[in-house]
Amino acid sequence: MTEQKYDLHCHSSFSDGSLSPTDVILRAKEHGVTTLALTDHDTLTGLAEAQQAADQHALNFIPGIELSCIWNKKTFHILGLNVNANNAELLAGTHQLQKIRLERAKKIAAKLEKNKIPDAFEAVHEKAGIGMITRPHFANFLISKGHVSTMQEAFDRYLGQGKSAFVNTDWVELEDAVHWITAAGGIAVVAHPMRYKLTASWMRRFLTTFKEMGGWGIEVITARSNPDEIRRAIHFAQQYALYGSVGSDFHSPKNQYVELGRLAPLPTSIKPVWELFN
Ligand code: AMP
Ligand code: MN
Ligand code: MN
Ligand code: MN
């Protein structure tokens, strides 16, 4: 049997990725990925194209999504892996999130306008097409207009939490997100658990609640995690008996630090989340 390489978290141009779903599949194949999940933010729209490309190129494809949600006033990202993209409940949930994203985009644009940066909404709306409008769309707009020179600077000066164009957003409830994923036959997985900067006791409350709601997995390996973060994620997976996932969170070939399939192996002490796919 040839070596299996899993990458269960990445983005296409249907959210904030720069490649089409087909090009994501081709790039995954080039980088030796054997099983790929596409997990765009709050949309299932790119999955049909990705599935078709994966079939053509003999790559095992897992339909996925990354849902934006709120728990205790904090934003969390929950991956839904191996979801049925035609499930009515999950689809309705994404429509709710899409409305929230559209309203938020208008508010971000209004804040930029107050900073004497006009026409942002029209620009990002046009660029996103039928895909999700995300903060990276605004960052790219700010770069194109010469207001900032990098994505990081756009977040640091305008789009990041507490900055002048930041909009506090009421995403959907964590419980709803986990429920929709489960209703669609998928596995709910906590994305990048170290990104939330939770204290140990909040992490305990969060993971306990997540499991009670029907969550099954936690990302143990992501492209940007350092050895200490991996150690802590392993610890959480073991302590809460969660299955471990592996995903690059790839967005664009321009980010040389994050590549499809370029991931440390899942430690053998952790049960792989793909054992739950059927
Ligand atoms: P949104 O869901 O629209 O708020 O956008 C969040 C996305 O922005 C994340 O999924 C990342 O891809 C990207 N992002 C967040 N913070 C940064 C940052 N500091 N620099 C670059 N990209 C970021
Ligand atoms: Mn993103
Ligand atoms: Mn995320
Ligand atoms: Mn992501």
# chains A, B, ... in the order shown; residues from 1 in each chain; ligands from 1
>>> residues_near_ligand(ligand="ligand 1", cutoff="7 Å", atoms="only C-alpha atoms and all ligand atoms", output="ChimeraX atom specification")
/A:16,41,68,133-136,151-152,155-156,160,251
>>> residues_around(residues="range 107-124 of chain A", least_positions_apart="3", cutoff="7 Å", atoms="only C-alpha atoms", output="ChimeraX atom specification")
/A:103-104,127-128,133,137-138,141,164-167
>>> select_by_dssp(residues="range 36-244 of chain A", states="strand (DSSP E or B)", output="ChimeraX atom specification")
/A:36-38,41,60-71,74-81,172-173,187-190,217-222,243-244
>>> closest_atom_pairs(of="chain A", to="ligand 4", cutoff="12 Å", atoms="only C-alpha atoms and all ligand atoms", output="tab-separated table")
residue	atom	partner	partner_atom_place_in_ligand_line	distance
A:Asp7	CA	ligand 4	1 (Mn)	11.8
A:Leu8	CA	ligand 4	1 (Mn)	10.0
A:His9	CA	ligand 4	1 (Mn)	6.2
A:Cys10	CA	ligand 4	1 (Mn)	5.9
A:His11	CA	ligand 4	1 (Mn)	6.5
A:Ser12	CA	ligand 4	1 (Mn)	10.1
A:Ser15	CA	ligand 4	1 (Mn)	9.5
A:Asp16	CA	ligand 4	1 (Mn)	8.7
A:Gly17	CA	ligand 4	1 (Mn)	9.2
A:Ala37	CA	ligand 4	1 (Mn)	11.2
A:Leu38	CA	ligand 4	1 (Mn)	9.5
A:Thr39	CA	ligand 4	1 (Mn)	6.8
A:Asp40	CA	ligand 4	1 (Mn)	7.0
A:His41	CA	ligand 4	1 (Mn)	6.9
A:Asp42	CA	ligand 4	1 (Mn)	10.3
A:Gly64	CA	ligand 4	1 (Mn)	10.9
A:Ile65	CA	ligand 4	1 (Mn)	8.9
A:Glu66	CA	ligand 4	1 (Mn)	6.4
A:Leu67	CA	ligand 4	1 (Mn)	9.2
A:Ser68	CA	ligand 4	1 (Mn)	10.0
A:Phe76	CA	ligand 4	1 (Mn)	11.0
A:His77	CA	ligand 4	1 (Mn)	7.8
A:Ile78	CA	ligand 4	1 (Mn)	9.2
A:Leu79	CA	ligand 4	1 (Mn)	8.4
A:Gly80	CA	ligand 4	1 (Mn)	11.4
A:Thr134	CA	ligand 4	1 (Mn)	11.5
A:Pro136	CA	ligand 4	1 (Mn)	12.0
A:Val189	CA	ligand 4	1 (Mn)	11.9
A:Val190	CA	ligand 4	1 (Mn)	10.9
A:Ala191	CA	ligand 4	1 (Mn)	7.4
A:His192	CA	ligand 4	1 (Mn)	8.3
A:Pro193	CA	ligand 4	1 (Mn)	11.8
A:Arg195	CA	ligand 4	1 (Mn)	11.3
A:Glu219	CA	ligand 4	1 (Mn)	11.2
A:Thr222	CA	ligand 4	1 (Mn)	10.0
A:Ala223	CA	ligand 4	1 (Mn)	11.0
A:Arg224	CA	ligand 4	1 (Mn)	11.7
A:Gly247	CA	ligand 4	1 (Mn)	8.8
A:Ser248	CA	ligand 4	1 (Mn)	8.3
A:Asp249	CA	ligand 4	1 (Mn)	4.7
A:Phe250	CA	ligand 4	1 (Mn)	7.3
A:His251	CA	ligand 4	1 (Mn)	7.7
A:Ser252	CA	ligand 4	1 (Mn)	11.5
A:Val258	CA	ligand 4	1 (Mn)	11.5
>>> select_by_dssp(residues="range 28-243 of chain A", states="helix (DSSP H, G or I)", output="PyMOL selection string")
chain A and resi 28-30+47-56+88-114+120-128+135-144+151-159+174-183+193-196+200-213+227-239
>>> closest_residue(among="A:Ser18, A:Lys106, A:Asp23, A:Ile230", to="Asn140 in chain A", atoms="only C-alpha atoms")
A:Ser18
>>> atom_distance(atom1="CA of Gly131 in chain A", atom2="CA of Val178 in chain A")
22.2 Å
>>> residues_around(residues="Gly32 in chain A", least_positions_apart="6", cutoff="10 Å", atoms="only C-alpha atoms", output="JSON, numbers by chain")
{"A": [3, 4, 5, 6, 59, 260, 261, 262]}
>>> write_last_selection(atoms="N, CA, C and O atoms", output="CSV table (one decimal), in the first residue's frame")
chain,number,residue,atom,x,y,z
A,3,GLU,N,2.0,5.1,0.7
A,3,GLU,CA,1.8,5.9,1.9
A,3,GLU,C,0.6,6.9,1.7
A,3,GLU,O,0.4,7.5,0.6
A,4,GLN,N,-0.1,7.0,2.8
A,4,GLN,CA,-1.3,7.9,2.8
A,4,GLN,C,-0.9,9.3,3.3
A,4,GLN,O,-0.2,9.3,4.4
A,5,LYS,N,-1.3,10.3,2.7
A,5,LYS,CA,-1.1,11.7,3.2
A,5,LYS,C,-2.4,12.4,3.3
A,5,LYS,O,-3.0,12.7,2.3
A,6,TYR,N,-2.8,12.8,4.5
A,6,TYR,CA,-4.0,13.5,4.7
A,6,TYR,C,-3.8,15.0,4.9
A,6,TYR,O,-2.9,15.4,5.6
A,59,LEU,N,-7.9,11.3,-6.6
A,59,LEU,CA,-7.6,11.8,-5.2
A,59,LEU,C,-8.8,11.5,-4.4
A,59,LEU,O,-10.0,11.7,-4.8
A,260,LEU,N,0.0,22.7,1.0
A,260,LEU,CA,-0.9,21.5,1.1
A,260,LEU,C,0.0,20.3,1.4
A,260,LEU,O,1.0,20.1,0.7
A,261,GLY,N,-0.5,19.5,2.3
A,261,GLY,CA,0.2,18.3,2.6
A,261,GLY,C,1.5,18.4,3.3
A,261,GLY,O,2.1,17.3,3.7
A,262,ARG,N,2.0,19.6,3.6
A,262,ARG,CA,3.3,19.7,4.3
A,262,ARG,C,3.0,19.8,5.8
A,262,ARG,O,2.8,20.8,6.4
>>> residues_around(residues="Phe277 in chain A", least_positions_apart="2", cutoff="9 Å", atoms="only C-alpha atoms", output="list in words")
Ile62, Leu81, Asn82, Gly186, Ile187, Val273, Trp274 and Glu275 of chain A
>>> closest_residue(among="A:Ile181, A:Met194, A:Ser149, A:Val83", to="ligand 3", atoms="only C-alpha atoms and all ligand atoms")
A:Met194
>>> residues_around(residues="Lys74 in chain A", least_positions_apart="2", cutoff="10 Å", atoms="only C-alpha atoms", output="ChimeraX atom specification")
/A:69-72,76,168-171,174,196
>>> closest_residue(among="A:Ala183, A:Ile218, A:Val172, A:Met132", to="ligand 2", atoms="only C-alpha atoms and all ligand atoms")
A:Met132
>>> closest_residue(among="A:Val148, A:Leu242, A:Ala54, A:Leu266", to="Arg27 in chain A", atoms="only C-alpha atoms")
A:Ala54
>>> atom_distance(atom1="CA of Lys145 in chain A", atom2="CA of Ser13 in chain A")
20.8 Å
>>> closest_residue(among="A:Arg231, A:Arg157, A:Lys197, A:Lys271", to="Gly244 in chain A", atoms="only C-alpha atoms")
A:Lys271
>>> atom_distance(atom1="CA of Gly93 in chain A", atom2="CA of Asp55 in chain A")
27.5 Å
>>> closest_residue(among="A:Thr75, A:Ser269, A:Glu259, A:Ile234", to="ligand 3", atoms="only C-alpha atoms and all ligand atoms")
A:Thr75
